[in-house]
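See structure below.
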Amino acid sequence: MKRLLIILLMSVGITLCATAQEGLRINEVFEGHVVSKQFIQESLVKGDNLAPYNLKVLHTAKCVANNKERTTIEQLFEEDMKERISDDNSNMEMESRDGHLYYAIVQLKNGARGTHRYICYQCRDRSSHYDITLVYMEGKASLADLRRTFKKK
Amino acid sequence: MNKETNIRELLRRYMEGESTQAELRLLKEYFDSEQDLPEDLRAFAQMFAIIDEEMPTPSAEALDRFSSPLKENRRSFRLWPLLAAACIAAFAFIILMPPEEENMAIAYVDGKMLNNEVQAMQMGQEALQEIFSNGNQEQQLSELFNEP
């Protein structure tokens, strides 16, 4: 019975690890726990629509944040950054000014099925508030592929 | 005469396989000691002369030895390895099989959910373009310098 329980718990653990965005701290932002959902423009796309980009999941959130909210989002993002795949420039880009994060694209450790996972952050200072964009992506696309596809010419 | 009848009855029981150890002992004693046997019983005398001792009763130890392989077999057939194998196979199937692609495209604007595929895709693409163009630095610079 004890052995059976251990096996079941292990199996449940594996299954939970396999779910995509689970365990990320920035989920709090997507769920509206930091900035009210009312002030978030969010999109969640999964499946066939993303096939041309070689992605499986694209979750974006744009919000208007005050200074306190911005700091919280920044901290949550930095917590998730600890799960990055490496410090190599090919897997990570970031820009900080005056002790604050303004821009970051980070490749996280691969998902359970070997898919690449990315989190992105951008903060634009609007003097009275901040426009923050958060993105979670998952798929086979490399960072170089994504840059080629989405970088404005 | 009475004794002979009794012996015949015991012989009948012996031949039917119904006699007890005690009855067998009686038969053996009878055929060992009796010299003047009727004609039809002499063959039995020879037969009982061959049987030296009563059938040995197996000892408790022997019985244990006899039954232990069965016990071990029963013990080794446990359910948990089968259950474990079934669990592992089921989860391996779930994890290794490519999942059916779940198609979803939802947008939330002003706290309202819009089941609009086009809008969701557009919002996602815009966010990615903005990120990968590093906030469209040129736009940021123009915004910065044009601010009153």
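Each chain in the structure tokens gets a letter, A, B and so on, in the order shown; residues start at 1 in every chain, and ligands are counted from 1 in the order they appear.
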Report as an NGL selection string the set of chain B residues whose atoms approach chain A to within 6 Å, with distances computed over only C-alpha atoms. :B and (101-111 or 120 or 124 or 129 or 132-133)
Suppose we keep N, CA, C and O atoms; can you now write the selection as a PDB file, in the first residue's frame?
ATOM      1  N   GLU B 101      -3.844  18.575 -29.805  1.00  0.00           N
ATOM      2  CA  GLU B 101      -3.619  20.007 -29.717  1.00  0.00           C
ATOM      3  C   GLU B 101      -4.914  20.706 -29.325  1.00  0.00           C
ATOM      4  O   GLU B 101      -5.922  20.592 -30.010  1.00  0.00           O
ATOM      5  N   GLU B 102      -4.809  21.391 -28.206  1.00  0.00           N
ATOM      6  CA  GLU B 102      -5.974  22.125 -27.745  1.00  0.00           C
ATOM      7  C   GLU B 102      -5.939  23.484 -28.432  1.00  0.00           C
ATOM      8  O   GLU B 102      -4.972  24.226 -28.295  1.00  0.00           O
ATOM      9  N   ASN B 103      -6.936  23.762 -29.198  1.00  0.00           N
ATOM     10  CA  ASN B 103      -6.978  25.052 -29.876  1.00  0.00           C
ATOM     11  C   ASN B 103      -7.755  26.045 -29.021  1.00  0.00           C
ATOM     12  O   ASN B 103      -8.870  25.751 -28.584  1.00  0.00           O
ATOM     13  N   MET B 104      -7.119  27.157 -28.804  1.00  0.00           N
ATOM     14  CA  MET B 104      -7.755  28.149 -27.944  1.00  0.00           C
ATOM     15  C   MET B 104      -7.288  29.539 -28.372  1.00  0.00           C
ATOM     16  O   MET B 104      -6.120  29.716 -28.731  1.00  0.00           O
ATOM     17  N   ALA B 105      -8.158  30.472 -28.371  1.00  0.00           N
ATOM     18  CA  ALA B 105      -7.781  31.862 -28.653  1.00  0.00           C
ATOM     19  C   ALA B 105      -8.759  32.755 -27.909  1.00  0.00           C
ATOM     20  O   ALA B 105      -9.902  32.899 -28.315  1.00  0.00           O
ATOM     21  N   ILE B 106      -8.282  33.269 -26.796  1.00  0.00           N
ATOM     22  CA  ILE B 106      -9.165  34.115 -25.980  1.00  0.00           C
ATOM     23  C   ILE B 106      -8.463  35.441 -25.721  1.00  0.00           C
ATOM     24  O   ILE B 106      -7.240  35.488 -25.564  1.00  0.00           O
ATOM     25  N   ALA B 107      -9.244  36.487 -25.662  1.00  0.00           N
ATOM     26  CA  ALA B 107      -8.693  37.793 -25.306  1.00  0.00           C
ATOM     27  C   ALA B 107      -9.503  38.361 -24.143  1.00  0.00           C
ATOM     28  O   ALA B 107     -10.714  38.131 -24.061  1.00  0.00           O
ATOM     29  N   TYR B 108      -8.807  39.019 -23.237  1.00  0.00           N
ATOM     30  CA  TYR B 108      -9.491  39.723 -22.145  1.00  0.00           C
ATOM     31  C   TYR B 108      -9.223  41.211 -22.328  1.00  0.00           C
ATOM     32  O   TYR B 108      -8.071  41.641 -22.351  1.00  0.00           O
ATOM     33  N   VAL B 109     -10.270  41.962 -22.477  1.00  0.00           N
ATOM     34  CA  VAL B 109     -10.115  43.413 -22.605  1.00  0.00           C
ATOM     35  C   VAL B 109     -11.061  44.069 -21.598  1.00  0.00           C
ATOM     36  O   VAL B 109     -12.247  43.720 -21.551  1.00  0.00           O
ATOM     37  N   ASP B 110     -10.515  44.974 -20.819  1.00  0.00           N
ATOM     38  CA  ASP B 110     -11.293  45.660 -19.770  1.00  0.00           C
ATOM     39  C   ASP B 110     -12.026  44.672 -18.862  1.00  0.00           C
ATOM     40  O   ASP B 110     -13.194  44.866 -18.511  1.00  0.00           O
ATOM     41  N   GLY B 111     -11.363  43.594 -18.552  1.00  0.00           N
ATOM     42  CA  GLY B 111     -11.941  42.613 -17.628  1.00  0.00           C
ATOM     43  C   GLY B 111     -12.995  41.717 -18.246  1.00  0.00           C
ATOM     44  O   GLY B 111     -13.604  40.900 -17.560  1.00  0.00           O
ATOM     45  N   ALA B 120      -7.513  37.970 -30.446  1.00  0.00           N
ATOM     46  CA  ALA B 120      -6.521  37.350 -29.555  1.00  0.00           C
ATOM     47  C   ALA B 120      -5.183  37.212 -30.268  1.00  0.00           C
ATOM     48  O   ALA B 120      -4.130  37.534 -29.698  1.00  0.00           O
ATOM     49  N   GLY B 124      -1.663  39.162 -29.358  1.00  0.00           N
ATOM     50  CA  GLY B 124      -0.453  38.379 -29.099  1.00  0.00           C
ATOM     51  C   GLY B 124       0.691  38.799 -30.003  1.00  0.00           C
ATOM     52  O   GLY B 124       1.815  39.008 -29.549  1.00  0.00           O
ATOM     53  N   GLN B 129       5.764  41.680 -31.166  1.00  0.00           N
ATOM     54  CA  GLN B 129       6.507  42.647 -31.992  1.00  0.00           C
ATOM     55  C   GLN B 129       7.111  43.739 -31.116  1.00  0.00           C
ATOM     56  O   GLN B 129       8.242  44.151 -31.311  1.00  0.00           O
ATOM     57  N   PHE B 132      10.073  42.115 -29.151  1.00  0.00           N
ATOM     58  CA  PHE B 132      11.256  41.775 -29.953  1.00  0.00           C
ATOM     59  C   PHE B 132      11.836  42.989 -30.676  1.00  0.00           C
ATOM     60  O   PHE B 132      12.936  42.927 -31.199  1.00  0.00           O
ATOM     61  N   SER B 133      11.088  44.081 -30.709  1.00  0.00           N
ATOM     62  CA  SER B 133      11.669  45.296 -31.254  1.00  0.00           C
ATOM     63  C   SER B 133      12.147  46.181 -30.117  1.00  0.00           C
ATOM     64  O   SER B 133      12.334  47.381 -30.281  1.00  0.00           O
TER      65      SER B 133
END
Could you jot down the atom CA of His116 of chain A to atom CA of Asn54 of chain A separation for me, Å, one decimal place?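 Taking atom CA of His116 of chain A and atom CA of Asn54 of chain A, their separation equals 10.4 Å.
What separates atom CA of Met121 of chain B from atom CA of Asp145 of chain A is a distance of 18.3 Å.
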Could you tell me, as a PyMOL selection string, which residues of segment 15-127 of chain A DSSP assigns to strand (DSSP E or B) when given the backbone? chain A and resi 40-46+55-65+84+92-97+100-108+116-125
Go ahead and write the residues just picked, N, CA and C atoms, as a short mmCIF file (atom, residue, chain, number, x, y, z; two decimals), in the first residue's frame.
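Full text of out-v3.cif as output:
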data_model
loop_
_atom_site.label_atom_id
_atom_site.label_comp_id
_atom_site.auth_asym_id
_atom_site.auth_seq_id
_atom_site.Cartn_x
_atom_site.Cartn_y
_atom_site.Cartn_z
N ILE A 40 -5.92 45.05 -17.39
CA ILE A 40 -5.03 44.17 -18.16
C ILE A 40 -5.67 43.82 -19.49
N GLN A 41 -4.88 43.91 -20.54
CA GLN A 41 -5.32 43.40 -21.85
C GLN A 41 -4.55 42.09 -22.04
N GLU A 42 -5.29 41.04 -22.07
CA GLU A 42 -4.63 39.73 -22.05
C GLU A 42 -5.05 38.92 -23.27
N SER A 43 -4.13 38.13 -23.78
CA SER A 43 -4.50 37.20 -24.86
C SER A 43 -3.86 35.85 -24.57
N LEU A 44 -4.63 34.81 -24.82
CA LEU A 44 -4.12 33.45 -24.63
C LEU A 44 -4.45 32.66 -25.89
N VAL A 45 -3.41 32.25 -26.59
CA VAL A 45 -3.60 31.49 -27.83
C VAL A 45 -2.85 30.18 -27.72
N LYS A 46 -3.54 29.11 -28.08
CA LYS A 46 -2.93 27.78 -28.06
C LYS A 46 -3.31 27.04 -29.33
N LEU A 55 5.09 27.72 -32.45
CA LEU A 55 4.79 27.86 -31.02
C LEU A 55 3.54 27.06 -30.68
N LYS A 56 3.43 26.73 -29.41
CA LYS A 56 2.23 26.00 -28.97
C LYS A 56 1.36 26.85 -28.04
N VAL A 57 2.05 27.69 -27.27
CA VAL A 57 1.32 28.54 -26.31
C VAL A 57 1.85 29.96 -26.41
N LEU A 58 0.95 30.90 -26.45
CA LEU A 58 1.35 32.31 -26.41
C LEU A 58 0.39 33.00 -25.45
N HIS A 59 0.94 33.50 -24.38
CA HIS A 59 0.12 34.16 -23.36
C HIS A 59 0.70 35.56 -23.15
N THR A 60 -0.08 36.56 -23.43
CA THR A 60 0.45 37.93 -23.27
C THR A 60 -0.44 38.73 -22.33
N ALA A 61 0.18 39.67 -21.68
CA ALA A 61 -0.60 40.57 -20.81
C ALA A 61 0.03 41.96 -20.88
N LYS A 62 -0.81 42.95 -21.16
CA LYS A 62 -0.32 44.34 -21.15
C LYS A 62 -1.12 45.05 -20.07
N CYS A 63 -0.39 45.71 -19.19
CA CYS A 63 -1.14 46.38 -18.12
C CYS A 63 -0.55 47.74 -17.81
N VAL A 64 -1.39 48.54 -17.20
CA VAL A 64 -0.99 49.85 -16.72
C VAL A 64 -0.74 49.69 -15.23
N ALA A 65 0.48 50.02 -14.80
CA ALA A 65 0.82 49.76 -13.39
C ALA A 65 1.35 51.01 -12.71
N ARG A 84 16.21 30.24 -15.63
CA ARG A 84 16.68 30.36 -17.02
C ARG A 84 17.60 29.19 -17.37
N MET A 92 19.29 34.75 -23.60
CA MET A 92 18.76 35.77 -22.70
C MET A 92 19.16 37.18 -23.18
N GLU A 93 18.22 38.09 -23.06
CA GLU A 93 18.51 39.51 -23.34
C GLU A 93 17.90 40.30 -22.22
N MET A 94 18.62 41.29 -21.70
CA MET A 94 17.97 42.13 -20.70
C MET A 94 18.59 43.52 -20.63
N GLU A 95 17.78 44.43 -20.16
CA GLU A 95 18.24 45.80 -20.06
C GLU A 95 17.71 46.38 -18.75
N SER A 96 18.62 46.88 -17.93
CA SER A 96 18.20 47.49 -16.66
C SER A 96 18.71 48.92 -16.60
N ARG A 97 17.93 49.78 -15.96
CA ARG A 97 18.37 51.17 -15.74
C ARG A 97 17.95 51.57 -14.34
N HIS A 100 16.24 49.20 -12.12
CA HIS A 100 14.96 48.61 -12.54
C HIS A 100 15.10 47.89 -13.87
N LEU A 101 14.33 46.86 -13.99
CA LEU A 101 14.34 46.07 -15.23
C LEU A 101 13.40 46.76 -16.23
N TYR A 102 13.92 46.97 -17.44
CA TYR A 102 13.09 47.61 -18.46
C TYR A 102 12.70 46.65 -19.58
N TYR A 103 13.58 45.69 -19.77
CA TYR A 103 13.34 44.80 -20.91
C TYR A 103 14.06 43.47 -20.68
N ALA A 104 13.40 42.39 -20.94
CA ALA A 104 14.07 41.09 -20.79
C ALA A 104 13.37 40.01 -21.62
N ILE A 105 14.17 39.21 -22.26
CA ILE A 105 13.66 38.00 -22.91
C ILE A 105 14.52 36.86 -22.36
N VAL A 106 13.88 35.89 -21.74
CA VAL A 106 14.64 34.84 -21.05
C VAL A 106 14.13 33.47 -21.48
N GLN A 107 15.05 32.63 -21.85
CA GLN A 107 14.65 31.24 -22.15
C GLN A 107 14.76 30.43 -20.86
N LEU A 108 13.66 29.83 -20.49
CA LEU A 108 13.63 29.02 -19.27
C LEU A 108 14.05 27.58 -19.59
N HIS A 116 10.69 24.53 -25.89
CA HIS A 116 11.37 25.72 -25.37
C HIS A 116 10.33 26.61 -24.69
N ARG A 117 10.75 27.22 -23.60
CA ARG A 117 9.83 28.10 -22.87
C ARG A 117 10.51 29.46 -22.70
N TYR A 118 9.74 30.51 -22.92
CA TYR A 118 10.30 31.86 -22.82
C TYR A 118 9.38 32.75 -21.98
N ILE A 119 10.02 33.64 -21.26
CA ILE A 119 9.24 34.70 -20.62
C ILE A 119 9.85 36.03 -21.05
N CYS A 120 8.99 37.00 -21.27
CA CYS A 120 9.46 38.30 -21.73
C CYS A 120 8.83 39.40 -20.88
N TYR A 121 9.57 40.47 -20.72
CA TYR A 121 9.10 41.59 -19.90
C TYR A 121 9.51 42.89 -20.57
N GLN A 122 8.61 43.82 -20.57
CA GLN A 122 8.97 45.15 -21.06
C GLN A 122 8.23 46.19 -20.25
N CYS A 123 8.97 47.22 -19.86
CA CYS A 123 8.35 48.28 -19.07
C CYS A 123 8.61 49.61 -19.77
N ARG A 124 7.55 50.34 -20.01
CA ARG A 124 7.72 51.66 -20.61
C ARG A 124 7.24 52.72 -19.62
N ASP A 125 8.16 53.64 -19.35
CA ASP A 125 7.91 54.68 -18.35
C ASP A 125 7.06 55.78 -18.96
#
So how many Å separate atom CA of Asn115 of chain B and atom CA of Tyr53 of chain A, to one decimal?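 A separation of 21.3 Å between them.
Residues surrounding Lys3 of chain B within 12 Å are Arg8, Glu9, Leu10, Leu26, Leu27, Tyr30, Glu34 and Leu37 of chain B [only C-alpha atoms; sequence separation below 5 positions excluded].
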All helix (DSSP H, G or I) positions in chain A, as a PyMOL selection string: chain A and resi 2-18+27-30+37-39+48-53+67-81+143-150
